[in-house]
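*Asks:* Just passing along the structure, written as C-alpha cells.
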Amino acid sequence: MTQKIALITGVTGQDGAYLSEYLLKKGYIVHGIKRRSSLFNTDRIDHLYQDPHIENRNFILHFGDMTDSMNITRIIQEVQPDEIYNLAAMSHVAVSFEMPEYVGNADGLGTLRILEAVRFLGLTKKTRIYQASTSELYGLVQEVPQKETTPFYPRSPYAVAKMYAYWMTVNYREAYYMHASNGILFNHESPLRGETFVTRKITRAASRIALGMQDKTYLGNLSSKRDWGHAKDYVRAMHAILQQDEPSDYVIATGITTTVRDFVKFAFAECGIIAEFKGEGVNEKAYITDVDKELFIAKVGIDFIDGIVSRIGSCILEVDPKYFRPTEVDLLIGDPTKSNTVLGWKPEFDLPALVKDMMESDIKLMKKEDLLKSSGYKTLNYFE
Ligand code: NDP
Ligand code: GDR
C-alpha cells in the first residue's frame with residue numbers, strides 16, 4: 001500500500017507537533033511548513049527531526065509563510081499531499097487586537113491561499129483539507145452548549161479572521177466539490193501549550209511558586225469559562241474528520257466548562273497547595289491557605305516543603321487589568337454529539353488528567369531551570 005502524504009501548516013505549534021507524531025505513527029509521510037526565524041523555533045518537533053542527508057525520510061520541513069501565496073502554491077505542487085491540515089495561525093486572541101491586519105492576512109487570507117492553490121493545481125479530487133476553526137467563532141453567547149448550528153458572533157480580530165476562513169472552506173467545498181472540512185475545536189491544552197495562554201501561564205506559575213522561584217503571578221479575567229480538553233485527543237479528531245467519506249464541520253469539545261479561577265485552584269491543588277480567592281473585580285487575589293504536606297512532597301519534593309509552608313497566608317495571584325480584552329468571550333461549552341456519533345471520537349483526558357499532565361511536566365521543566373541557575377548557568381550572555 002502506498003504511504004499517504006500529509007502537509008501540515010503550523011507544524012512547529014502545539015497541535016502541529018502532536019499531529020505530526022500521530023500521523024507518523026500511522027505510517028504517513030509528513031511534510032510541515034515552518035517559518036524562518038532568527039532563533040531555532042522547532043523545539044516541539046526536534047524529536048521528530050530527520051537529517052536531510054538520509055534517504056527515504058518521512059518527516060520533511062519546508063520554509064514558508066501563510067502570507068506568501070507563491071510559496072504556499074509551490075510547496076503544495078511539490079508535495080502533492082493527500083491531506084492538508086491548515087493549522088498555521090497567529091493564534092493568540094489578545095495579541096490579535098494589537099495586530100488585526102496581520103491576523104486577517106495570515107489566519108483569514110492564508111486559508112484562502114491553501115484552498116485556491118489546491119483548486120488551481122487541479123488537486124480538488126486528490127487533496128482533502130482540514131481547516132483549524134475555533135470555538136472563538138461563537139463569541140458572544142447565542143446558545144449553550146454550542147454546536148455546529150449555533151450562530152457565530154466573533155469578538156476579536158482573530159475570531160473574525162477565522163470566520164472568513166471557516167466560510168471560505170465551506171464555500172470551496174460547495175463550489176468545487178472539494179473535501180474541505182472545519183474542525184470547530186474548543187480550547188485544548190497540553191505541556192506543549194504556548195506559555196502565554198492562560199492554562200500554561202498558570203501551570204508554569206504554580207510550579208515556580210511551589211519551587212520558590214517566583215512569589216506570585218498576574219492574570220486578567222478570572223471569571224471567563226472555557227471548555228478545556230487535551231491537544232493529544234484533539235489531533236485524533238482532526239485526522240478522523242479527513243477519513244470520512246463526506247466532508248463536513250464538527251464541534252470538538254468535552255462538554256464541560258470551568259472558570260479560569262477554578263483552573264488556578266486545580267493547578268495548585270495538584271501539588272498539594274490549597275489556594276483560596278478573596279476580594280472582587282480588580283481587587284481579587286489568591287492566597288495560600290494550607291498545604292497538604294504529603295502530597296506536596298510526593299509531587300514537588302522534600303527539599304521545597306519548608307519554603308512553601310512558610311508562605312501559608314501569602315498572596316500568590318493578583319488581577320492585572322492589562323490582561324483584560326477589549327471584547328471578551330465569557331462562556332464556551334461545546335456539544336460534541338456529532339463528533340461522538342459520526343466520528344466515534346471521545347476524549348481520553350478529562351480536566352484533572354489534563355491539569356496533572358501539565359503540572360508534572362512544568363514542575364520537571366522548572367526544576368531543570370532552577371538547577372541550571374543554581375549551578376551558575378543563568379542564561380547565555382552573548383555580550384560577556
Ligand atoms: P500555536 O500558536 O501553538 O501554533 C501556531 C502555528 O502557526 C505555529 O507553528 C506558528 O509558527 C505558525 N504560524 C503562525 N503564523 C504563521 C504564518 N504567517 N505562516 C506560517 N506559519 C505561521 O497554535 P495551536 O497549535 O494551539 O493551534 C493550531 C491551530 O488551531 C491554530 O490555527 C489555532 O488558531 C487553531 N485553534 C487552536 C485551539 C487551541 O485551543 N489550541 C482551538 C481552536 C483552534 P511559529 O512556531 O513560527 O510561531
Ligand atoms: P483563548 O485562550 O482566548 O480562549 O484562545 P487563552 O488561554 O488566551 O484565554 C482563555 C481565557 O482566559 C482569560 N485570561 C487570560 N488569558 C491569557 N492568555 N492570559 C492571562 O493572563 C489571562 N487571564 C485571564 C482570557 O481573557 C480568556 O477569557 C485559545 C487560543 O488557542 C485560540 O487560538 C483558540 O482558537 C481558542 O483558544 C479556542
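If you're wondering about the labels, chains in the C-alpha cells are A, B, ... by order shown, residues count from 1 in each chain, ligands from 1 in order shown.
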Could you write out, as a list in words, all the residues of segment 29-147 of chain A that DSSP marks as strand (DSSP E or B)?
*Replies:*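 Strand (DSSP E or B) assignments inside segment 29-147 of chain A correspond to Ile29, Val30, His31, Gly32, Ile33, Lys34, Phe59, Ile60, Leu61, His62, Phe63, Glu83, Ile84, Tyr85, Asn86, Arg128, Ile129, Tyr130, Gln131, Ala132, Ser133, Thr134 and Gln146 of chain A.
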*Asks:* I need the residues from that last selection saved to file as a short mmCIF file (atom, residue, chain, number, x, y, z; two decimals), in the first residue's frame (with C-alpha atoms), if you can.
*Replies:*
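Result went into again-v7.cif, see below:
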data_model
loop_
_atom_site.label_atom_id
_atom_site.label_comp_id
_atom_site.auth_asym_id
_atom_site.auth_seq_id
_atom_site.Cartn_x
_atom_site.Cartn_y
_atom_site.Cartn_z
CA ILE A 29 4.88 10.79 5.15
CA VAL A 30 4.56 14.14 6.88
CA HIS A 31 5.59 17.45 5.34
CA GLY A 32 5.49 20.54 7.51
CA ILE A 33 5.73 24.26 6.81
CA LYS A 34 7.81 26.24 9.27
CA PHE A 59 9.29 13.90 8.12
CA ILE A 60 10.24 16.80 5.87
CA LEU A 61 10.20 20.51 6.66
CA HIS A 62 9.78 23.39 4.21
CA PHE A 63 10.27 27.09 4.84
CA GLU A 83 -4.32 15.61 3.19
CA ILE A 84 -3.61 19.20 4.21
CA TYR A 85 -4.01 20.22 7.84
CA ASN A 86 -4.12 24.01 7.93
CA ARG A 128 -8.51 16.70 1.43
CA ILE A 129 -8.32 19.83 3.57
CA TYR A 130 -8.75 20.28 7.31
CA GLN A 131 -9.27 23.87 8.47
CA ALA A 132 -8.45 24.69 12.10
CA SER A 133 -11.63 26.53 13.06
CA THR A 134 -12.36 27.56 16.60
CA GLN A 146 -22.58 25.49 21.37
#
*Asks:* Just the residues within 12 Å of segment 362-373 of chain A, please, counting only C-alpha atoms, with nothing from its chain fewer than 5 positions along; format it as a PyMOL selection string.
*Replies:* chain A and resi 190-193+195+199-214+267-268+270-271+296+298-301+303-304+355-357+378-380
*Asks:* With C-alpha atoms retained, write the just-selected residues as a JSON list (two decimals), in the first residue's frame.
*Replies:*
[["chain", "number", "residue", "atom", "x", "y", "z"],
["A", 190, "SER", "CA", -1.04, 20.32, 26.93],
["A", 191, "PRO", "CA", 2.51, 20.52, 28.25],
["A", 192, "LEU", "CA", 3.36, 21.92, 24.78],
["A", 193, "ARG", "CA", 0.87, 24.80, 25.06],
["A", 195, "GLU", "CA", 3.47, 29.90, 27.58],
["A", 199, "THR", "CA", -3.61, 27.39, 31.33],
["A", 200, "ARG", "CA", 0.11, 27.16, 30.64],
["A", 201, "LYS", "CA", 0.72, 30.53, 32.28],
["A", 202, "ILE", "CA", -0.99, 29.12, 35.39],
["A", 203, "THR", "CA", 0.78, 25.73, 35.43],
["A", 204, "ARG", "CA", 4.16, 27.40, 34.92],
["A", 205, "ALA", "CA", 3.47, 29.92, 37.68],
["A", 206, "ALA", "CA", 2.14, 27.28, 40.10],
["A", 207, "SER", "CA", 5.26, 25.17, 39.51],
["A", 208, "ARG", "CA", 7.61, 28.11, 40.01],
["A", 209, "ILE", "CA", 5.77, 29.22, 43.15],
["A", 210, "ALA", "CA", 5.95, 25.65, 44.53],
["A", 211, "LEU", "CA", 9.70, 25.60, 43.91],
["A", 212, "GLY", "CA", 10.23, 29.03, 45.47],
["A", 213, "MET", "CA", 11.32, 30.52, 42.13],
["A", 214, "GLN", "CA", 8.53, 33.12, 41.96],
["A", 267, "ALA", "CA", -3.31, 23.54, 39.29],
["A", 268, "PHE", "CA", -2.11, 24.47, 42.80],
["A", 270, "GLU", "CA", -2.37, 19.15, 42.04],
["A", 271, "CYS", "CA", 0.80, 19.62, 44.07],
["A", 296, "PHE", "CA", 3.43, 18.30, 48.12],
["A", 298, "ALA", "CA", 5.26, 13.42, 46.58],
["A", 299, "LYS", "CA", 4.67, 15.84, 43.72],
["A", 300, "VAL", "CA", 7.34, 18.50, 44.23],
["A", 301, "GLY", "CA", 9.93, 17.08, 46.60],
["A", 303, "ASP", "CA", 13.60, 19.98, 49.54],
["A", 304, "PHE", "CA", 10.91, 22.57, 48.88],
["A", 355, "VAL", "CA", -4.01, 19.51, 34.81],
["A", 356, "LYS", "CA", -1.92, 16.60, 36.14],
["A", 357, "ASP", "CA", -0.11, 16.18, 32.82],
["A", 378, "LYS", "CA", 21.65, 31.63, 34.27],
["A", 379, "THR", "CA", 21.11, 32.48, 30.63],
["A", 380, "LEU", "CA", 23.59, 32.65, 27.81]]
*Asks:* Around ligand 1, out to 7 Å and counting only C-alpha atoms and all ligand atoms, which residues are there? I want them as a count of residues only.
*Replies:* 37
*Asks:* I'd like the interatomic distance between atom CA of Leu109 of chain A and atom 9 (O, counted along the ligand's line) of ligand 2, to a tenth of an Å.
*Replies:*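 Atom 9 (O, counted along the ligand's line) of ligand 2 lies at a distance of 23.8 Å from atom CA of Leu109 of chain A.
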*Asks:* With distances taken over only C-alpha atoms and all ligand atoms, which residue among A:Leu219, A:Leu332, A:Ile273, A:Val319 lies nearest ligand 2?
*Replies:*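 Using only C-alpha atoms and all ligand atoms, the shortest distance to ligand 2 belongs to A:Leu219.
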*Asks:* Please list as a PyMOL selection string every residue within 6 Å of segment 120-125 of chain A, counting only C-alpha atoms and excluding residues in the same chain fewer than 3 positions away.
*Replies:* chain A and resi 116-117+178
*Asks:* Set the distance at 9 Å and use only C-alpha atoms: which residues neighbour Lys285 of chain A once local chain neighbours fewer than 3 positions away are removed? I'd like the list as a list in words.
*Replies:* Glu276, Phe277, Lys278, Gly279, Glu280, Val282, Cys315, Ile316, Leu317, Glu318 and Val319 of chain A
*Asks:* Take the residues from that selection and put them in a file with N, CA and C atoms, as a PDB file, in the first residue's frame.
*Replies:*
ATOM      1  N   GLU A 276      -6.985  29.941  47.927  1.00  0.00           N
ATOM      2  CA  GLU A 276      -8.348  30.496  48.025  1.00  0.00           C
ATOM      3  C   GLU A 276      -8.341  31.917  47.493  1.00  0.00           C
ATOM      4  N   PHE A 277      -9.474  32.285  46.857  1.00  0.00           N
ATOM      5  CA  PHE A 277      -9.603  33.649  46.316  1.00  0.00           C
ATOM      6  C   PHE A 277     -10.375  34.518  47.302  1.00  0.00           C
ATOM      7  N   LYS A 278      -9.921  35.783  47.429  1.00  0.00           N
ATOM      8  CA  LYS A 278     -10.647  36.752  48.266  1.00  0.00           C
ATOM      9  C   LYS A 278     -10.724  38.067  47.498  1.00  0.00           C
ATOM     10  N   GLY A 279     -11.764  38.844  47.788  1.00  0.00           N
ATOM     11  CA  GLY A 279     -11.910  40.140  47.122  1.00  0.00           C
ATOM     12  C   GLY A 279     -12.686  40.017  45.827  1.00  0.00           C
ATOM     13  N   GLU A 280     -12.902  41.187  45.179  1.00  0.00           N
ATOM     14  CA  GLU A 280     -13.742  41.195  43.978  1.00  0.00           C
ATOM     15  C   GLU A 280     -13.120  42.034  42.885  1.00  0.00           C
ATOM     16  N   VAL A 282     -11.072  43.885  40.202  1.00  0.00           N
ATOM     17  CA  VAL A 282      -9.619  44.041  40.051  1.00  0.00           C
ATOM     18  C   VAL A 282      -8.887  43.836  41.382  1.00  0.00           C
ATOM     19  N   CYS A 315       0.045  36.051  49.457  1.00  0.00           N
ATOM     20  CA  CYS A 315      -0.651  36.222  48.179  1.00  0.00           C
ATOM     21  C   CYS A 315       0.165  35.612  47.033  1.00  0.00           C
ATOM     22  N   ILE A 316      -0.506  34.870  46.164  1.00  0.00           N
ATOM     23  CA  ILE A 316       0.199  34.243  45.043  1.00  0.00           C
ATOM     24  C   ILE A 316      -0.352  34.678  43.680  1.00  0.00           C
ATOM     25  N   LEU A 317      -1.458  35.429  43.705  1.00  0.00           N
ATOM     26  CA  LEU A 317      -2.041  35.834  42.425  1.00  0.00           C
ATOM     27  C   LEU A 317      -2.808  37.140  42.568  1.00  0.00           C
ATOM     28  N   GLU A 318      -2.590  38.057  41.620  1.00  0.00           N
ATOM     29  CA  GLU A 318      -3.356  39.307  41.585  1.00  0.00           C
ATOM     30  C   GLU A 318      -3.933  39.496  40.200  1.00  0.00           C
ATOM     31  N   VAL A 319      -4.942  40.343  40.117  1.00  0.00           N
ATOM     32  CA  VAL A 319      -5.522  40.668  38.808  1.00  0.00           C
ATOM     33  C   VAL A 319      -4.789  41.879  38.254  1.00  0.00           C
TER      34      VAL A 319
END
